[in-house]
file protein_24.cif (mmCIF, C-alpha atoms)
data_run
loop_
_atom_site.label_atom_id
_atom_site.label_comp_id
_atom_site.auth_asym_id
_atom_site.auth_seq_id
_atom_site.Cartn_x
_atom_site.Cartn_y
_atom_site.Cartn_z
CA MET A 27 -158.68 -149.40 -70.22
CA LEU A 28 -159.51 -150.64 -66.74
CA LYS A 29 -157.85 -148.82 -63.86
CA LEU A 30 -158.69 -150.11 -60.41
CA SER A 31 -157.59 -148.28 -57.26
CA PHE A 32 -157.67 -150.00 -53.87
CA LYS A 33 -158.26 -147.78 -50.85
CA VAL A 34 -159.08 -147.89 -47.15
CA SER A 35 -161.48 -145.30 -45.75
CA LYS A 36 -163.04 -144.95 -42.31
CA GLU A 37 -165.52 -142.47 -43.81
CA TYR A 38 -166.64 -145.01 -46.41
CA ASP A 39 -166.98 -147.72 -43.76
CA ALA A 40 -169.14 -145.54 -41.51
CA TRP A 41 -171.30 -144.54 -44.48
CA ILE A 42 -171.81 -148.04 -45.87
CA LEU A 43 -172.40 -149.63 -42.47
CA ALA A 44 -175.05 -146.99 -41.75
CA ARG A 45 -176.88 -147.96 -44.95
CA PHE A 46 -177.03 -151.62 -44.00
CA VAL A 47 -177.67 -151.14 -40.29
CA LYS A 48 -180.85 -149.26 -41.28
CA SER A 49 -181.89 -152.11 -43.59
CA GLN A 50 -184.36 -154.70 -42.27
CA THR A 51 -182.85 -157.22 -44.68
CA TRP A 52 -179.18 -156.74 -43.81
CA SER A 53 -178.91 -155.28 -40.29
CA GLU A 54 -178.67 -158.61 -38.44
CA PHE A 55 -176.00 -159.82 -40.86
CA VAL A 56 -173.92 -156.73 -40.06
CA PHE A 57 -174.41 -157.24 -36.31
CA TYR A 58 -173.42 -160.90 -36.65
CA HIS A 59 -170.02 -159.82 -37.99
CA HIS A 60 -169.81 -156.84 -35.63
CA PRO A 61 -171.57 -158.01 -32.43
CA ASN A 62 -170.53 -154.99 -30.34
CA LEU A 63 -171.89 -152.47 -32.81
CA LYS A 64 -175.58 -152.81 -31.95
CA SER A 65 -175.22 -151.92 -28.26
CA LEU A 66 -172.96 -148.99 -29.09
CA ILE A 67 -175.53 -147.57 -31.52
CA GLU A 68 -178.28 -148.04 -28.93
CA LYS A 69 -176.17 -146.22 -26.38
CA MET A 70 -174.77 -143.35 -28.50
CA GLY A 71 -177.10 -143.13 -31.50
CA LEU A 72 -176.43 -144.19 -35.08
CA ALA A 73 -173.99 -141.50 -36.26
CA LYS A 74 -171.92 -141.19 -33.08
CA GLY A 75 -172.01 -144.91 -32.37
CA LEU A 76 -170.81 -145.80 -35.85
CA LYS A 77 -168.08 -143.18 -35.81
CA ARG A 78 -166.76 -144.44 -32.48
CA TYR A 79 -166.99 -148.08 -33.55
CA VAL A 80 -165.33 -147.59 -36.94
CA ASN A 81 -162.49 -145.52 -35.47
CA ASP A 82 -161.83 -148.09 -32.75
CA TYR A 83 -162.10 -151.05 -35.13
CA HIS A 84 -159.70 -149.50 -37.64
CA LYS A 85 -157.25 -148.67 -34.86
CA LYS A 86 -157.26 -152.27 -33.58
CA ASN A 87 -157.14 -153.87 -37.04
CA LYS A 88 -155.13 -151.32 -39.01
CA SER A 89 -152.28 -153.63 -39.96
CA LEU A 90 -154.62 -156.41 -41.12
CA ILE A 91 -156.79 -154.05 -43.19
CA PHE A 92 -153.85 -152.38 -44.93
CA LYS A 93 -152.10 -155.71 -45.46
CA LYS A 94 -155.24 -156.94 -47.20
CA LYS A 95 -155.37 -153.81 -49.34
CA GLU A 96 -151.78 -154.28 -50.50
CA SER A 97 -152.10 -158.00 -51.16
CA LEU A 98 -155.36 -157.61 -53.07
CA ASN A 99 -153.85 -154.80 -55.12
CA GLU A 100 -150.89 -157.00 -56.07
CA ASP A 101 -153.07 -160.02 -56.82
CA TRP A 102 -155.42 -158.03 -59.03
CA LYS A 103 -152.58 -156.32 -60.93
CA LYS A 104 -151.52 -159.72 -62.23
CA ILE A 105 -154.85 -160.33 -63.96
CA ASN A 106 -156.28 -156.84 -64.55
CA ASP A 107 -155.46 -156.50 -68.26
CA SER A 108 -156.27 -160.11 -69.13
CA TYR A 109 -159.54 -159.91 -67.21
CA GLU A 110 -160.59 -156.74 -69.00
CA THR A 111 -159.84 -158.30 -72.40
CA ALA A 112 -161.74 -161.49 -71.55
CA LEU A 113 -164.70 -159.53 -70.21
CA LYS A 114 -164.94 -157.17 -73.20
CA ASN A 115 -164.80 -160.14 -75.57
CA LEU A 116 -167.45 -161.98 -73.55
CA LEU A 117 -169.85 -159.02 -73.47
CA GLU A 118 -168.90 -157.92 -76.98
CA VAL A 119 -168.22 -154.39 -75.75
CA SER A 120 -167.49 -152.21 -78.76
CA GLY A 121 -165.56 -148.96 -78.97
CA ILE A 122 -163.27 -147.39 -76.39
CA PHE A 123 -164.36 -147.78 -72.78
CA ASN A 124 -162.01 -146.31 -70.19
CA LEU A 125 -163.09 -147.27 -66.69
CA LYS A 126 -161.61 -145.93 -63.46
CA VAL A 127 -163.06 -147.60 -60.38
CA THR A 128 -162.26 -147.44 -56.68
CA CYS A 129 -162.42 -150.59 -54.58
CA TYR A 130 -162.60 -149.97 -50.84
CA VAL A 131 -161.13 -152.72 -48.71
CA SER A 132 -163.75 -152.46 -46.03
CA ILE A 133 -164.82 -153.70 -42.63
CA CYS A 134 -168.37 -154.05 -43.97
CA PRO A 135 -169.22 -157.72 -44.65
CA ILE A 136 -171.59 -156.75 -47.50
CA ASN A 137 -170.01 -155.72 -50.79
CA PRO A 138 -172.22 -153.37 -52.83
CA ARG A 139 -171.37 -151.52 -56.04
CA PHE A 140 -172.37 -148.00 -57.02
CA LEU A 141 -172.41 -147.45 -60.77
CA LYS A 142 -172.66 -143.66 -60.81
CA GLU A 143 -169.93 -143.13 -58.21
CA LYS A 144 -167.79 -145.92 -59.72
CA ILE A 145 -167.03 -147.52 -56.37
CA PHE A 146 -167.48 -150.88 -54.67
CA SER A 147 -165.99 -152.68 -51.70
CA VAL A 148 -164.51 -155.99 -50.58
CA TYR A 149 -164.69 -157.28 -47.01
CA PHE A 150 -161.14 -157.36 -45.65
CA LYS A 151 -161.61 -160.78 -44.00
CA LYS A 152 -162.28 -162.58 -47.28
CA ASN A 153 -159.56 -164.95 -48.45
CA LYS A 154 -157.63 -164.44 -51.69
CA LYS A 155 -159.95 -166.44 -53.95
CA HIS A 156 -163.14 -164.92 -52.58
CA SER A 157 -161.62 -161.44 -52.76
CA LEU A 158 -160.61 -161.84 -56.41
CA GLY A 159 -164.02 -163.33 -57.13
CA THR A 160 -165.74 -160.34 -55.55
CA VAL A 161 -163.62 -157.86 -57.51
CA ALA A 162 -164.33 -159.74 -60.74
CA HIS A 163 -168.05 -159.81 -59.94
CA GLU A 164 -168.33 -156.11 -59.17
CA VAL A 165 -166.12 -154.94 -62.05
CA GLN A 166 -168.24 -157.05 -64.38
CA HIS A 167 -171.31 -155.00 -63.40
CA PHE A 168 -169.74 -151.80 -64.72
CA TYR A 169 -169.00 -153.42 -68.08
CA PHE A 170 -172.37 -155.16 -68.17
CA PHE A 171 -174.30 -151.93 -67.72
CA HIS A 172 -172.08 -150.13 -70.20
CA LYS A 173 -173.11 -152.81 -72.71
CA TRP A 174 -176.70 -152.58 -71.54
CA ARG A 175 -176.79 -148.84 -72.32
CA GLN A 176 -175.55 -149.59 -75.83
CA VAL A 177 -178.33 -152.10 -76.39
CA PHE A 178 -181.10 -150.24 -74.51
CA PRO A 179 -180.17 -146.52 -74.65
CA LYS A 180 -183.64 -145.33 -73.60
CA LEU A 181 -183.88 -147.26 -70.33
CA LYS A 182 -183.28 -145.19 -67.21
CA ALA A 183 -180.36 -145.86 -64.85
CA VAL A 184 -182.74 -146.19 -61.89
CA THR A 185 -183.82 -149.56 -63.32
CA PHE A 186 -180.26 -150.85 -62.84
CA GLU A 187 -180.80 -150.94 -59.09
CA SER A 188 -182.76 -153.20 -56.74
CA PRO A 189 -185.64 -154.10 -56.80
CA HIS A 190 -185.98 -153.54 -60.57
CA LYS A 191 -185.95 -156.56 -62.88
CA ILE A 192 -182.90 -155.36 -64.79
CA TRP A 193 -180.97 -155.42 -61.53
CA HIS A 194 -182.17 -158.98 -60.93
CA LEU A 195 -181.14 -159.94 -64.45
CA SER A 196 -177.66 -158.49 -63.96
CA GLU A 197 -177.20 -160.52 -60.77
CA ILE A 198 -178.54 -163.66 -62.45
CA LEU A 199 -176.26 -163.35 -65.47
CA THR A 200 -173.09 -162.40 -63.60
CA PRO A 201 -172.27 -165.87 -62.20
CA ILE A 202 -173.08 -167.36 -65.61
CA LEU A 203 -170.70 -165.03 -67.43
CA LEU A 204 -167.96 -165.38 -64.83
CA SER A 205 -168.09 -169.15 -65.24
CA SER A 206 -166.63 -168.85 -68.75
CA LYS A 207 -163.29 -170.60 -69.29
CA ASN A 208 -161.28 -167.45 -69.96
CA ILE A 209 -162.54 -165.81 -66.78
CA GLN A 210 -162.08 -168.93 -64.67
CA LYS A 211 -158.44 -169.24 -65.77
CA LEU A 212 -157.84 -165.89 -64.10
CA THR A 213 -160.02 -165.87 -60.96
CA LYS A 214 -159.95 -169.61 -60.21
CA THR A 215 -163.05 -169.29 -58.05
CA LYS A 216 -166.56 -170.59 -58.60
CA PRO A 217 -169.00 -167.67 -58.90
CA GLU A 218 -171.77 -167.58 -56.30
CA TYR A 219 -175.25 -166.14 -56.54
CA TYR A 220 -177.97 -164.96 -54.18
CA PRO A 221 -179.75 -167.82 -52.35
CA MET A 222 -183.10 -166.26 -53.27
CA TYR A 223 -182.50 -167.23 -56.90
CA LYS A 224 -182.28 -170.90 -55.93
CA LYS A 225 -185.91 -170.66 -54.78
CA ILE A 226 -187.23 -169.26 -58.08
CA ARG A 227 -187.96 -172.26 -60.26
CA ILE A 228 -188.54 -172.39 -64.00
CA GLY A 229 -189.44 -175.95 -64.80
CA ASN A 230 -186.99 -178.19 -62.94
CA LEU A 231 -184.23 -175.56 -62.85
CA ASP A 232 -183.61 -172.60 -60.60
CA ILE A 233 -183.60 -169.25 -62.38
CA VAL A 234 -179.79 -169.02 -62.72
CA GLU A 235 -179.62 -172.54 -64.11
CA HIS A 236 -182.43 -171.64 -66.51
CA PHE A 237 -180.66 -168.57 -67.89
CA SER A 238 -177.38 -170.49 -67.97
CA LYS A 239 -179.05 -173.00 -70.28
CA ARG A 240 -180.39 -170.13 -72.40
CA TYR A 241 -176.91 -168.64 -72.62
CA SER A 242 -175.30 -171.93 -73.66
CA GLU A 243 -177.96 -172.47 -76.32
CA SER A 244 -177.48 -168.93 -77.64
CA MET A 245 -173.70 -169.30 -77.85
CA ARG A 246 -174.02 -172.61 -79.70
CA LYS A 247 -176.32 -170.92 -82.23
CA GLY A 248 -173.88 -168.04 -82.66
CA THR A 249 -176.31 -165.46 -81.29
CA ASN A 250 -174.57 -162.14 -80.63
CA PHE A 251 -174.58 -160.89 -77.06
CA SER A 252 -176.83 -157.90 -77.82
CA ASP A 253 -179.57 -160.17 -79.12
CA PHE A 254 -179.08 -162.50 -76.18
CA LEU A 255 -179.67 -159.55 -73.83
CA LYS A 256 -182.80 -158.57 -75.75
CA ASN A 257 -184.18 -162.08 -75.37
CA CYS A 258 -183.29 -162.12 -71.66
CA TYR A 259 -185.00 -158.77 -71.12
CA LYS A 260 -188.22 -160.04 -72.68
CA GLU A 261 -188.15 -163.15 -70.53
CA VAL A 262 -187.20 -161.56 -67.22
CA ASN A 263 -190.09 -159.10 -67.53
CA LYS A 264 -192.47 -162.06 -67.31
CA ILE A 265 -190.96 -163.31 -64.06
CA ARG A 266 -192.26 -162.24 -60.68
CA PHE A 267 -189.66 -161.47 -58.00
CA ASN A 268 -190.38 -161.03 -54.31
CA LYS A 269 -189.67 -157.53 -53.05
#
call {"tool": "encode", "arguments": {"input": "protein_24.cif", "output": "structure tokens"}}
result
Amino acid sequence: MLKLSFKVSKEYDAWILARFVKSQTWSEFVFYHHPNLKSLIEKMGLAKGLKRYVNDYHKKNKSLIFKKKESLNEDWKKINDSYETALKNLLEVSGIFNLKVTCYVSICPINPRFLKEKIFSVYFKKNKKHSLGTVAHEVQHFYFFHKWRQVFPKLKAVTFESPHKIWHLSEILTPILLSSKNIQKLTKTKPEYYPMYKKIRIGNLDIVEHFSKRYSESMRKGTNFSDFLKNCYKEVNKIRFNK
């Protein structure tokens, strides 16, 4: 059974913003959405600057953030059970899998997931469709890696994270899986994927298009999902990703 709790937390926002502000890849994206944050950090230091900024931002935008939390909670309630059923059927998840996850409605424009802690976030400025799409995307990761552990019980959890190839594979397959008819009936939003995958070409297709073709071929042949994952794992290990 899938139980999803939606929360707002200034502590989470300060923590997650700190992670991305310290990242060479993501810091400028954060500052683009929060242009006053950079100067405040330079003036007060990372910890104090973030604490001041997050407190002030939440105070000014409290009603909008909590309104988003409530509306997203109501929107997701309508599809939660149907989405879980569709996802378990799609991934061929066997046995009982009770999942309790917390979704933080956040001021951070980047929406990571943390498998061990069972948390992820959604940027509060996203519209309804994009918000539901993000929730569907992140929830799918928890089910995907549950299935992955069933198929590959000896692989370590550290390989589920960037920059490992299993992490790449999970991000490549997610938009493919979420494009299925039963999922699309619920989310009504076209799944997106990282722009970097558009640059990785296999023949005349980008890497997501390539694996999408593999998935369609496998489903037509009646290949079970476990064997499909095994084939994907063999193939993705031959692909070179930029770090």
call {"tool": "residues_around", "arguments": {"input": "protein_24.cif", "residues": "Glu143 of chain A", "least_positions_apart": "2", "cutoff": "12 Å", "atoms": "all atoms listed in the file", "output": "list in words"}}
result
Leu125, Lys126, Val127, Thr128, Cys129, Pro138, Arg139, Phe140, Leu141, Ile145, Phe146 and Phe168 of chain A
call {"tool": "resolve_selection", "arguments": {"input": "protein_24.cif", "expression": "the PyMOL selection byres ((chain A and resi 208-212) around 10)", "output": "PyMOL selection string"}}
result
chain A and resi 102+104-106+108-113+115-116+158-159+162+203-207+213-217
call {"tool": "atom_distance", "arguments": {"input": "protein_24.cif", "atom1": "atom CA of Gly248 of chain A", "atom2": "atom CA of Val119 of chain A"}}
result
16.3 Å
call {"tool": "resolve_selection", "arguments": {"input": "protein_24.cif", "expression": "the PyMOL selection byres ((chain A and resi 190) around 12)", "output": "VMD selection string"}}
result
chain A and resid 181 to 189 191 to 197 259 262 to 263 265 to 269
call {"tool": "atom_distance", "arguments": {"input": "protein_24.cif", "atom1": "atom CA of Pro179 of chain A", "atom2": "atom CA of Ile228 of chain A"}}
result
29.2 Å
call {"tool": "decode", "arguments": {"input": "protein_24.cif", "residues": "segment 92-224 of chain A", "atoms": "C-alpha atoms", "output": "PDB file, in the first residue's frame"}}
result
ATOM      1  CA  PHE A  92       0.644  25.829   2.147  1.00  0.00           C
ATOM      2  CA  LYS A  93      -2.048  26.306  -0.494  1.00  0.00           C
ATOM      3  CA  LYS A  94       0.119  24.298  -2.880  1.00  0.00           C
ATOM      4  CA  LYS A  95       0.613  21.583  -0.276  1.00  0.00           C
ATOM      5  CA  GLU A  96      -3.124  21.222   0.275  1.00  0.00           C
ATOM      6  CA  SER A  97      -4.038  21.273  -3.408  1.00  0.00           C
ATOM      7  CA  LEU A  98      -1.346  18.755  -4.335  1.00  0.00           C
ATOM      8  CA  ASN A  99      -2.442  16.502  -1.491  1.00  0.00           C
ATOM      9  CA  GLU A 100      -6.038  16.576  -2.750  1.00  0.00           C
ATOM     10  CA  ASP A 101      -5.035  16.058  -6.380  1.00  0.00           C
ATOM     11  CA  TRP A 102      -2.816  13.093  -5.554  1.00  0.00           C
ATOM     12  CA  LYS A 103      -5.421  11.450  -3.303  1.00  0.00           C
ATOM     13  CA  LYS A 104      -7.671  11.072  -6.332  1.00  0.00           C
ATOM     14  CA  ILE A 105      -5.151   8.916  -8.197  1.00  0.00           C
ATOM     15  CA  ASN A 106      -2.986   7.390  -5.451  1.00  0.00           C
ATOM     16  CA  ASP A 107      -4.521   3.903  -5.375  1.00  0.00           C
ATOM     17  CA  SER A 108      -4.989   3.636  -9.134  1.00  0.00           C
ATOM     18  CA  TYR A 109      -1.440   4.850  -9.732  1.00  0.00           C
ATOM     19  CA  GLU A 110       0.002   2.291  -7.334  1.00  0.00           C
ATOM     20  CA  THR A 111      -1.935  -0.522  -9.014  1.00  0.00           C
ATOM     21  CA  ALA A 112      -0.865   0.576 -12.494  1.00  0.00           C
ATOM     22  CA  LEU A 113       2.755   0.931 -11.413  1.00  0.00           C
ATOM     23  CA  LYS A 114       2.935  -2.460  -9.685  1.00  0.00           C
ATOM     24  CA  ASN A 115       1.414  -4.118 -12.748  1.00  0.00           C
ATOM     25  CA  LEU A 116       3.830  -2.299 -15.040  1.00  0.00           C
ATOM     26  CA  LEU A 117       6.920  -3.255 -13.021  1.00  0.00           C
ATOM     27  CA  GLU A 118       5.521  -6.677 -12.153  1.00  0.00           C
ATOM     28  CA  VAL A 119       6.171  -6.070  -8.455  1.00  0.00           C
ATOM     29  CA  SER A 120       5.396  -9.276  -6.585  1.00  0.00           C
ATOM     30  CA  GLY A 121       4.461  -9.770  -2.947  1.00  0.00           C
ATOM     31  CA  ILE A 122       3.380  -7.180  -0.398  1.00  0.00           C
ATOM     32  CA  PHE A 123       5.136  -3.833  -0.629  1.00  0.00           C
ATOM     33  CA  ASN A 124       3.979  -1.199   1.843  1.00  0.00           C
ATOM     34  CA  LEU A 125       5.542   2.163   1.073  1.00  0.00           C
ATOM     35  CA  LYS A 126       5.307   5.270   3.235  1.00  0.00           C
ATOM     36  CA  VAL A 127       6.910   8.302   1.626  1.00  0.00           C
ATOM     37  CA  THR A 128       7.080  11.985   2.522  1.00  0.00           C
ATOM     38  CA  CYS A 129       6.840  14.604  -0.198  1.00  0.00           C
ATOM     39  CA  TYR A 130       8.064  18.043   0.834  1.00  0.00           C
ATOM     40  CA  VAL A 131       6.425  20.912  -0.996  1.00  0.00           C
ATOM     41  CA  SER A 132       9.572  22.959  -1.225  1.00  0.00           C
ATOM     42  CA  ILE A 133      11.017  26.291  -2.274  1.00  0.00           C
ATOM     43  CA  CYS A 134      13.908  24.408  -3.908  1.00  0.00           C
ATOM     44  CA  PRO A 135      13.502  24.339  -7.719  1.00  0.00           C
ATOM     45  CA  ILE A 136      15.313  20.967  -7.947  1.00  0.00           C
ATOM     46  CA  ASN A 137      13.354  17.886  -6.920  1.00  0.00           C
ATOM     47  CA  PRO A 138      15.586  15.045  -5.688  1.00  0.00           C
ATOM     48  CA  ARG A 139      14.562  11.741  -4.118  1.00  0.00           C
ATOM     49  CA  PHE A 140      16.246   9.912  -1.257  1.00  0.00           C
ATOM     50  CA  LEU A 141      15.552   6.178  -1.259  1.00  0.00           C
ATOM     51  CA  LYS A 142      16.842   5.341   2.212  1.00  0.00           C
ATOM     52  CA  GLU A 143      15.069   8.239   3.924  1.00  0.00           C
ATOM     53  CA  LYS A 144      11.940   7.733   1.781  1.00  0.00           C
ATOM     54  CA  ILE A 145      11.569  11.417   0.977  1.00  0.00           C
ATOM     55  CA  PHE A 146      11.449  13.648  -2.096  1.00  0.00           C
ATOM     56  CA  SER A 147      10.256  17.132  -2.909  1.00  0.00           C
ATOM     57  CA  VAL A 148       8.209  19.154  -5.387  1.00  0.00           C
ATOM     58  CA  TYR A 149       8.855  22.811  -6.178  1.00  0.00           C
ATOM     59  CA  PHE A 150       5.854  24.788  -4.940  1.00  0.00           C
ATOM     60  CA  LYS A 151       5.717  26.974  -8.075  1.00  0.00           C
ATOM     61  CA  LYS A 152       5.062  24.057 -10.419  1.00  0.00           C
ATOM     62  CA  ASN A 153       1.590  23.905 -11.938  1.00  0.00           C
ATOM     63  CA  LYS A 154      -0.826  21.041 -11.285  1.00  0.00           C
ATOM     64  CA  LYS A 155       0.229  18.844 -14.203  1.00  0.00           C
ATOM     65  CA  HIS A 156       3.948  19.263 -13.603  1.00  0.00           C
ATOM     66  CA  SER A 157       3.473  18.675  -9.883  1.00  0.00           C
ATOM     67  CA  LEU A 158       1.565  15.430 -10.423  1.00  0.00           C
ATOM     68  CA  GLY A 159       4.143  14.405 -13.010  1.00  0.00           C
ATOM     69  CA  THR A 160       6.963  15.015 -10.535  1.00  0.00           C
ATOM     70  CA  VAL A 161       5.224  13.019  -7.796  1.00  0.00           C
ATOM     71  CA  ALA A 162       4.588  10.161 -10.220  1.00  0.00           C
ATOM     72  CA  HIS A 163       8.219  10.262 -11.367  1.00  0.00           C
ATOM     73  CA  GLU A 164       9.703  10.203  -7.879  1.00  0.00           C
ATOM     74  CA  VAL A 165       7.298   7.607  -6.462  1.00  0.00           C
ATOM     75  CA  GLN A 166       8.122   5.393  -9.432  1.00  0.00           C
ATOM     76  CA  HIS A 167      11.782   5.370  -8.353  1.00  0.00           C
ATOM     77  CA  PHE A 168      10.910   3.745  -5.031  1.00  0.00           C
ATOM     78  CA  TYR A 169       8.978   0.967  -6.763  1.00  0.00           C
ATOM     79  CA  PHE A 170      11.602   0.613  -9.481  1.00  0.00           C
ATOM     80  CA  PHE A 171      14.414   0.039  -7.005  1.00  0.00           C
ATOM     81  CA  HIS A 172      12.272  -2.301  -4.942  1.00  0.00           C
ATOM     82  CA  LYS A 173      11.879  -4.359  -8.120  1.00  0.00           C
ATOM     83  CA  TRP A 174      15.564  -3.944  -8.889  1.00  0.00           C
ATOM     84  CA  ARG A 175      16.508  -5.454  -5.513  1.00  0.00           C
ATOM     85  CA  GLN A 176      14.317  -8.457  -6.293  1.00  0.00           C
ATOM     86  CA  VAL A 177      16.068  -9.005  -9.619  1.00  0.00           C
ATOM     87  CA  PHE A 178      19.607  -8.080  -8.493  1.00  0.00           C
ATOM     88  CA  PRO A 179      19.753  -8.786  -4.728  1.00  0.00           C
ATOM     89  CA  LYS A 180      23.567  -8.653  -4.577  1.00  0.00           C
ATOM     90  CA  LEU A 181      24.023  -5.167  -6.022  1.00  0.00           C
ATOM     91  CA  LYS A 182      24.778  -2.463  -3.464  1.00  0.00           C
ATOM     92  CA  ALA A 183      22.430   0.472  -2.848  1.00  0.00           C
ATOM     93  CA  VAL A 184      25.256   2.953  -3.516  1.00  0.00           C
ATOM     94  CA  THR A 185      24.969   2.052  -7.218  1.00  0.00           C
ATOM     95  CA  PHE A 186      21.410   3.433  -7.230  1.00  0.00           C
ATOM     96  CA  GLU A 187      22.779   6.958  -6.980  1.00  0.00           C
ATOM     97  CA  SER A 188      24.514   9.307  -9.406  1.00  0.00           C
ATOM     98  CA  PRO A 189      26.926   8.904 -11.175  1.00  0.00           C
ATOM     99  CA  HIS A 190      26.509   5.101 -11.273  1.00  0.00           C
ATOM    100  CA  LYS A 191      25.083   3.493 -14.405  1.00  0.00           C
ATOM    101  CA  ILE A 192      22.132   1.969 -12.568  1.00  0.00           C
ATOM    102  CA  TRP A 193      21.097   5.477 -11.564  1.00  0.00           C
ATOM    103  CA  HIS A 194      21.346   6.541 -15.206  1.00  0.00           C
ATOM    104  CA  LEU A 195      19.287   3.536 -16.258  1.00  0.00           C
ATOM    105  CA  SER A 196      16.576   4.362 -13.723  1.00  0.00           C
ATOM    106  CA  GLU A 197      16.329   7.917 -15.052  1.00  0.00           C
ATOM    107  CA  ILE A 198      16.297   6.690 -18.648  1.00  0.00           C
ATOM    108  CA  LEU A 199      13.551   4.134 -18.047  1.00  0.00           C
ATOM    109  CA  THR A 200      11.310   6.330 -15.893  1.00  0.00           C
ATOM    110  CA  PRO A 201       9.899   8.524 -18.700  1.00  0.00           C
ATOM    111  CA  ILE A 202       9.433   5.392 -20.811  1.00  0.00           C
ATOM    112  CA  LEU A 203       7.448   3.607 -18.120  1.00  0.00           C
ATOM    113  CA  LEU A 204       5.416   6.685 -17.226  1.00  0.00           C
ATOM    114  CA  SER A 205       4.377   7.016 -20.858  1.00  0.00           C
ATOM    115  CA  SER A 206       2.278   3.853 -20.580  1.00  0.00           C
ATOM    116  CA  LYS A 207      -1.455   4.296 -21.237  1.00  0.00           C
ATOM    117  CA  ASN A 208      -2.601   3.386 -17.730  1.00  0.00           C
ATOM    118  CA  ILE A 209      -0.205   5.889 -16.159  1.00  0.00           C
ATOM    119  CA  GLN A 210      -1.022   8.629 -18.659  1.00  0.00           C
ATOM    120  CA  LYS A 211      -4.747   8.296 -17.940  1.00  0.00           C
ATOM    121  CA  LEU A 212      -3.970   9.349 -14.379  1.00  0.00           C
ATOM    122  CA  THR A 213      -1.202  11.964 -14.633  1.00  0.00           C
ATOM    123  CA  LYS A 214      -2.134  13.444 -18.023  1.00  0.00           C
ATOM    124  CA  THR A 215       1.345  14.897 -18.410  1.00  0.00           C
ATOM    125  CA  LYS A 216       4.113  13.986 -20.828  1.00  0.00           C
ATOM    126  CA  PRO A 217       7.141  12.657 -18.901  1.00  0.00           C
ATOM    127  CA  GLU A 218      10.348  14.631 -19.353  1.00  0.00           C
ATOM    128  CA  TYR A 219      13.942  13.472 -19.134  1.00  0.00           C
ATOM    129  CA  TYR A 220      17.354  15.011 -18.579  1.00  0.00           C
ATOM    130  CA  PRO A 221      18.636  17.021 -21.576  1.00  0.00           C
ATOM    131  CA  MET A 222      21.980  15.204 -21.309  1.00  0.00           C
ATOM    132  CA  TYR A 223      20.285  12.016 -22.519  1.00  0.00           C
ATOM    133  CA  LYS A 224      19.283  13.725 -25.764  1.00  0.00           C
TER     134      LYS A 224
END
